[in-house]
Amino acid sequence: MKRLGKLLAACLLITLCACTKADNKQEPISVLAPQGAPALATLSLSDKENVTVDTVSGSDPLSAELIKSDGSYDVIIAPINLGAKLMEKEATPYRLAAIITWGNLYVVGDASYKNGDSFAAFGENAVPGKILSTYANIDNVTYFSSVQDVQAQLLSGKVKAGLLAEPAATATIAKAKEKGIELSVLTDLQEKESKDHQKGYPQAAIFVKDKDKTASVLQDIEAFLNEGCKDEQKVSAYIEKIGADQLGIPNAKIALASWQRQNLKFVKADAVINDIAEFLKLFKIVFDEGMLI
């Protein structure tokens, strides 16, 4: 009987250990992010075995996933106006958790540029166009399909100035120098201080469906953006590991050179409600706290 008792105790111990291991196993979490600055916010997630990050170009794939009630993504990074518009229409199960970019738009051009000269821009009906028309007094603007098109206009000398986003702005200035063209940042469109005393405006945001499930991912992004990104060697290693093409950036050197102007900073959404409400007014979206996770 004693032997049987010992055997049963051993079996119970094995069962408990197995359950503990199963309980400690982290749930898989999937993240979707647009290429460029928002994708750089996810660099440190590449260290997490249970987290996968997909990147996409343009806003259409983000919209398509945000409206899915049974979508596969736990975390979606997207322009705040995009997610807020869907929430206003009750067309998405996702809710706003945090802001991670505070504007990365700049007027880049020749020092001789004066208002009225031909000017190239992108994103006419999106955040870039709205910011340009709201915070800059620029005439004779021609809109193009993408930031790459604006870059081409500048490098060909067809325009003296244009609207660019980082890290494309830094890359364009470097490429122009190789061609013997001197370009520089003429205007920082993030100089206006926000109502909540942040520099810039809430541009890219994190949307989640389950606050508890995604808490560890948000904590990791926060720690990286507010502290970990100061280690340039580590940032460079992450970019090399993931691949510049996957992230939608020229290379690690350009990413590091433009890091400060990308205005990557994690701030919980409920701490900057005034900023969010003010920014969404530009898009005729009425903010309410039901949009928060």
# chains A, B, ... in the order shown; residues from 1 in each chain; ligands from 1

call {"tool": "residues_around", "arguments": {"residues": "range 84-90 of chain A", "least_positions_apart": "6", "cutoff": "9 Å", "atoms": "only C-alpha atoms", "output": "PDB file with C-alpha atoms, in the first residue's frame"}}
result
ATOM      1  CA  SER A  63      -8.541  49.027 -42.686  1.00  0.00           C
ATOM      2  CA  LEU A  66      -9.542  46.574 -38.351  1.00  0.00           C
ATOM      3  CA  ILE A  67     -13.092  45.864 -39.534  1.00  0.00           C
ATOM      4  CA  LEU A  96      -7.355  52.651 -28.703  1.00  0.00           C
ATOM      5  CA  LEU A 280      -9.534  64.086 -34.632  1.00  0.00           C
ATOM      6  CA  PHE A 283     -11.016  64.871 -39.689  1.00  0.00           C
ATOM      7  CA  ILE A 285     -14.352  62.828 -35.940  1.00  0.00           C
ATOM      8  CA  VAL A 286     -15.878  63.316 -32.496  1.00  0.00           C
ATOM      9  CA  PHE A 287     -13.807  61.619 -29.804  1.00  0.00           C
ATOM     10  CA  ASP A 288     -15.462  59.879 -26.889  1.00  0.00           C
ATOM     11  CA  GLY A 290     -15.656  54.702 -25.345  1.00  0.00           C
ATOM     12  CA  MET A 291     -12.911  54.611 -27.997  1.00  0.00           C
TER      13      MET A 291
END

call {"tool": "closest_residue", "arguments": {"among": "A:Asp275, A:Ile29, A:Ser184, A:Ile249", "to": "Ser57 in chain A", "atoms": "only C-alpha atoms"}}
result
A:Ile249

call {"tool": "select_by_dssp", "arguments": {"residues": "range 115-174 of chain A", "states": "helix (DSSP H, G or I)", "output": "MDAnalysis selection string"}}
result
chainID A and resid 127:135 147:155 168:174

call {"tool": "residues_around", "arguments": {"residues": "range 102-109 of chain A", "least_positions_apart": "2", "cutoff": "9 Å", "atoms": "only C-alpha atoms", "output": "PyMOL selection string"}}
result
chain A and resi 37+99-100+111-113+128+131-132+154+159-167+169+172-173+182-190+198-204+261-265

call {"tool": "atom_distance", "arguments": {"atom1": "CA of Ile276 in chain A", "atom2": "CA of Asp210 in chain A"}}
result
21.2 Å

call {"tool": "closest_residue", "arguments": {"among": "A:Ser59, A:Asn251, A:Ser69, A:Ser258", "to": "Gly83 in chain A", "atoms": "only C-alpha atoms"}}
result
A:Ser59

call {"tool": "select_by_dssp", "arguments": {"residues": "range 84-257 of chain A", "states": "strand (DSSP E)", "output": "count of residues only"}}
result
35

call {"tool": "closest_residue", "arguments": {"among": "A:Glu278, A:Glu27, A:Asp117, A:Asp270", "to": "Ser216 in chain A", "atoms": "only C-alpha atoms"}}
result
A:Glu27

call {"tool": "residues_around", "arguments": {"residues": "range 229-234 of chain A", "least_positions_apart": "4", "cutoff": "12 Å", "atoms": "only C-alpha atoms", "output": "ChimeraX atom specification"}}
result
/A:40-44,46-47,220-225,238-241,252-257,259-260,264-266

call {"tool": "closest_residue", "arguments": {"among": "A:Thr101, A:Asn50, A:Gln26, A:Gln35", "to": "Ala269 in chain A", "atoms": "only C-alpha atoms"}}
result
A:Thr101
